[in-house]
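Student: Could you have a look at this structure, given as structure tokens, before my questions?
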Amino acid sequence: MIVALAGGVGGAKLADGLAYRLGHDLSIIVNTGDDFEHLGLHISPDLDTVMYTLAGIANSATGWGVADESWSFLKQVVHLGGPGWFRLGDRDLATHVLRTERLRRGERLTSITDDFCRQLGIAAQILPMSDEPIRTIVETAEGPLPFQEYFVARRCAVPVWGFRFEGSAQAQMTSEVRERLGGADLEAIIICPSNPYISVDPILRVPDLRQLIEARPVPVVAVSPIIGNAAVKGPAAKMMRELGFEVSSRSVAAHYRDLVDGIVIDVTDAALKPAIEALGMKVCVVPTLMRSADDRRALGDVCIEFANVIAGTGPPA
């Protein structure tokens with residue numbers, strides 16, 4: 001049994017590679033700090049990206065949304081004077097409508113997600129980080145902005161000063177997350193190559209979750225989302241510069257220091273290995289760019305084997 005932490009496109013790709021190898025033996029804890037209400041609907045962008053990717057129906061061109069999408073609903077919304085800044089496709093809309101209706105009936109986000117995954121034929125367990133609302137707020141030069149306003153409406157153009165996660169102090173870890181992280185059969189925890197600040201940190205802010213990870217005697221492996229001096233996708237590199245950090249895998253490793261036992265970095269960054277090892281963690285250097293399904297599966301295998309090496313149950317790296 002392996003638990004992965006994920007959010008967004010990069011996290012979803014590695015989760016897909018891990019799922020190919022592990023199937024039912026994989027649980028993915030997904031960031032819900034990006035969730036928000038739009039047009040009266042509960043939108044869970046990271047949950048849906050992971051779910052659509054593992055179901056094999058993700059839009060490969062965008063990385064988000066559903067393949068072979070149409071946009072009649074959105075066009076009519078705009079025609080009637082409504083907002084068009086957040087793109088809701090017709091097929092994607094079905095997920096949001098059903099989720100919202102069930103949440104209003106008092107159902108848990110975890111159970112709704114589990115039902116959707118069964119309908120889509122997903123073997124791995126996809127778990128929201130909490131059933132309670134936690135909302136990422138971006139502190140900017142223009143004041144605090146809800147994440148989707150910063151990310152989608154403003155296209156990340158506003159300089160970032162920091163982040164806060166509203167509701168995190170009051171939220172609770174779900175029984176499913178606690179069971180997976182605390183299970184006797186847990187062999188490793190893998191932090192996918194998601195943005196450390198806006199995808200992984202919200203998960204780690206759920207009360208007791210980070211402490212539970214730290215207490216487990218299993219290897220914790222992270223995969224850097226930075227290759228060279230750039231992020232593969234998304235605003236991670238821009239955020240790092242604005243927060244005063246060097247844009248590098250070493251900065252990612254420093255961010256996870258005292259939490260992870262090892263980090264996987266790209267061959268482009270091989271020269272950083274000694275500096276990262278000086279932080280007290282093991283380093284695995286392999287190609288990490290996931291252009292294809294084979295790339296995802298290969299990186300997933302590397303992460304599992306690296307965790308086994310750290311645990312002392314695999315061959316030397």
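Following the order of the structure tokens, chains are lettered A, B, ..., residues in each are numbered from 1, and ligands are numbered from 1.
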Looking only at strand (DSSP E or B) from DSSP on the backbone, list the matching residues of range 40-80 of chain A as a list in words.
Tutor: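 Put together, the selection reads Leu41, His42, Ile43, Ala58 and Val66 of chain A.
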Student: Assign secondary structure with DSSP using the backbone only, and return the residues of range 81-251 of chain A in alpha helix (DSSP H) as a ChimeraX atom specification.
Tutor: /A:90-104,109-119,147-148,175-182,201-204,209-215,236-242,249-251
Student: Output the selection as a short mmCIF file (atom, residue, chain, number, x, y, z; two decimals), in the first residue's frame - C-alpha atoms for each residue.
Tutor:
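Now in part-v5.cif:
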data_model
loop_
_atom_site.label_atom_id
_atom_site.label_comp_id
_atom_site.auth_asym_id
_atom_site.auth_seq_id
_atom_site.Cartn_x
_atom_site.Cartn_y
_atom_site.Cartn_z
CA ASP A 90 -20.48 20.62 -21.14
CA ARG A 91 -19.16 17.18 -20.13
CA ASP A 92 -17.24 18.56 -17.16
CA LEU A 93 -20.39 20.35 -16.03
CA ALA A 94 -22.07 17.03 -15.22
CA THR A 95 -19.50 16.36 -12.47
CA HIS A 96 -20.05 19.76 -10.86
CA VAL A 97 -23.83 19.58 -11.01
CA LEU A 98 -24.01 16.11 -9.46
CA ARG A 99 -21.40 16.91 -6.81
CA THR A 100 -23.17 20.12 -5.81
CA GLU A 101 -26.58 18.47 -5.60
CA ARG A 102 -25.22 15.68 -3.41
CA LEU A 103 -23.30 18.06 -1.14
CA ARG A 104 -26.52 20.02 -0.60
CA LEU A 109 -17.10 15.06 -0.52
CA THR A 110 -15.11 11.87 0.14
CA SER A 111 -18.05 9.53 -0.50
CA ILE A 112 -19.15 11.47 -3.59
CA THR A 113 -15.63 11.28 -5.04
CA ASP A 114 -15.48 7.57 -4.28
CA ASP A 115 -18.76 7.00 -6.14
CA PHE A 116 -17.55 8.98 -9.16
CA CYS A 117 -14.33 6.94 -9.24
CA ARG A 118 -16.27 3.67 -9.22
CA GLN A 119 -18.44 4.89 -12.09
CA PHE A 147 -6.90 31.24 -5.43
CA GLN A 148 -9.02 30.87 -8.56
CA SER A 175 -11.33 8.72 8.68
CA GLU A 176 -10.28 7.43 5.26
CA VAL A 177 -7.15 9.61 5.15
CA ARG A 178 -6.27 8.67 8.72
CA GLU A 179 -6.79 4.98 7.97
CA ARG A 180 -4.56 5.05 4.88
CA LEU A 181 -1.76 7.03 6.48
CA GLY A 182 -1.96 5.08 9.72
CA ASP A 201 1.19 22.70 1.64
CA PRO A 202 -2.64 22.87 1.92
CA ILE A 203 -2.70 19.09 2.41
CA LEU A 204 0.00 19.28 5.07
CA LEU A 209 -1.83 15.13 8.89
CA ARG A 210 1.80 16.21 8.68
CA GLN A 211 2.42 14.88 12.19
CA LEU A 212 0.96 11.52 11.19
CA ILE A 213 3.28 11.35 8.17
CA GLU A 214 6.29 12.28 10.30
CA ALA A 215 5.42 9.59 12.84
CA ALA A 236 5.68 27.42 -9.19
CA ALA A 237 8.84 29.05 -10.58
CA LYS A 238 7.28 32.51 -10.65
CA MET A 239 6.08 32.08 -7.07
CA MET A 240 9.50 30.93 -5.90
CA ARG A 241 11.18 34.00 -7.38
CA GLU A 242 8.61 36.36 -5.86
CA SER A 249 15.20 21.47 -7.06
CA ARG A 250 17.42 22.33 -4.10
CA SER A 251 14.84 24.90 -2.96
#
Student: Wanna dump the range 196-254 of chain A-range 2-18 of chain A contacts at 12 Å for me, each residue with its shortest atom pair and the distance in Å to one decimal, counting only C-alpha atoms, ordered by chain and number, as CSV?
Tutor:
residue,atom,partner,partner_atom,distance
A:Pro196,CA,A:Gly7,CA,9.4
A:Tyr197,CA,A:Gly7,CA,10.8
A:Ile198,CA,A:Gly7,CA,8.5
A:Ser199,CA,A:Gly7,CA,5.0
A:Val200,CA,A:Ala6,CA,6.7
A:Asp201,CA,A:Leu5,CA,10.1
A:Pro202,CA,A:Gly7,CA,9.8
A:Ile203,CA,A:Leu5,CA,7.7
A:Leu204,CA,A:Leu5,CA,9.3
A:Leu209,CA,A:Leu5,CA,11.3
A:Arg210,CA,A:Leu5,CA,11.3
A:Ile213,CA,A:Val3,CA,10.2
A:Arg216,CA,A:Val3,CA,11.9
A:Val218,CA,A:Ile2,CA,9.9
A:Pro219,CA,A:Ile2,CA,10.2
A:Val220,CA,A:Val3,CA,9.6
A:Val221,CA,A:Ala4,CA,9.4
A:Ala222,CA,A:Leu5,CA,9.3
A:Val223,CA,A:Leu14,CA,9.2
A:Ser224,CA,A:Gly10,CA,10.0
A:Pro225,CA,A:Gly10,CA,7.4
A:Ile226,CA,A:Gly10,CA,10.7
A:Ala231,CA,A:Gly10,CA,10.0
A:Val232,CA,A:Gly10,CA,7.9
A:Lys233,CA,A:Gly10,CA,7.4
A:Gly234,CA,A:Val9,CA,8.7
A:Pro235,CA,A:Gly8,CA,11.5
A:Ala236,CA,A:Gly10,CA,11.5
Student: Please provide as a VMD selection string all residues within 12 Å of Gly65 in chain A, with the sequence filter that same-chain residues fewer than 5 positions apart are discarded (counting only C-alpha atoms).
Tutor: chain A and resid 8 to 9 43 to 53 55 to 60 70 to 71 86 to 96
Student: Could you check which of A:Pro83, A:Asp34, A:Ala123, A:Met1 is closest to Glu166 in chain A, using only C-alpha atoms?
Tutor: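 For Glu166 in chain A, the nearest of the candidates is A:Asp34.
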Student: Per residue of range 165-221 of chain A within 6 Å of range 127-144 of chain A, note the shortest atom pair and the distance in Å to one decimal, counting only C-alpha atoms, and order the rows by chain and increasing residue number, as JSON lines.
Tutor:
{"residue": "A:Phe165", "atom": "CA", "partner": "A:Thr136", "partner_atom": "CA", "distance": 4.6}
{"residue": "A:Glu166", "atom": "CA", "partner": "A:Arg135", "partner_atom": "CA", "distance": 5.0}
{"residue": "A:Gly167", "atom": "CA", "partner": "A:Ile134", "partner_atom": "CA", "distance": 4.7}
{"residue": "A:Ser168", "atom": "CA", "partner": "A:Ile134", "partner_atom": "CA", "distance": 5.4}
{"residue": "A:Ala171", "atom": "CA", "partner": "A:Glu132", "partner_atom": "CA", "distance": 5.4}
{"residue": "A:Met173", "atom": "CA", "partner": "A:Ser130", "partner_atom": "CA", "distance": 5.5}
{"residue": "A:Thr174", "atom": "CA", "partner": "A:Ser130", "partner_atom": "CA", "distance": 5.7}
{"residue": "A:Ile203", "atom": "CA", "partner": "A:Met129", "partner_atom": "CA", "distance": 5.8}
Student: Only C-alpha atoms, please: the residues just picked out, written as an mmCIF file, in the first residue's frame.
Tutor:
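The result, stored in selection.cif:
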data_model
loop_
_atom_site.group_PDB
_atom_site.id
_atom_site.type_symbol
_atom_site.label_atom_id
_atom_site.label_comp_id
_atom_site.auth_asym_id
_atom_site.auth_seq_id
_atom_site.Cartn_x
_atom_site.Cartn_y
_atom_site.Cartn_z
ATOM 1 C CA PHE A 165 -5.332 28.452 4.042
ATOM 2 C CA GLU A 166 -8.655 29.609 5.436
ATOM 3 C CA GLY A 167 -10.473 26.975 7.430
ATOM 4 C CA SER A 168 -7.459 24.714 7.884
ATOM 5 C CA ALA A 171 -10.867 21.241 9.406
ATOM 6 C CA MET A 173 -8.715 14.716 8.731
ATOM 7 C CA THR A 174 -11.197 12.234 7.299
ATOM 8 C CA ILE A 203 -2.698 19.086 2.410
#
Student: Can you measure CA of Leu259 in chain A to CA of Ile189 in chain A for me? One decimal in Å is fine.
Tutor: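 Computing it gives 10.6 Å between the two atoms.
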Student: With only C-alpha atoms as the atoms that count, which of A:Cys192, A:Leu120, A:Ala169, A:Ile265 lies nearest to Arg205 in chain A?
Tutor: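 Using only C-alpha atoms, the shortest distance to Arg205 in chain A belongs to A:Ala169.
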Student: Expressed in Å to a single decimal, how great is the separation between CA of Ala278 in chain A and CA of Asn308 in chain A?
Tutor: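 Answer for the CA of Ala278 in chain A to CA of Asn308 in chain A separation: 21.3 Å.
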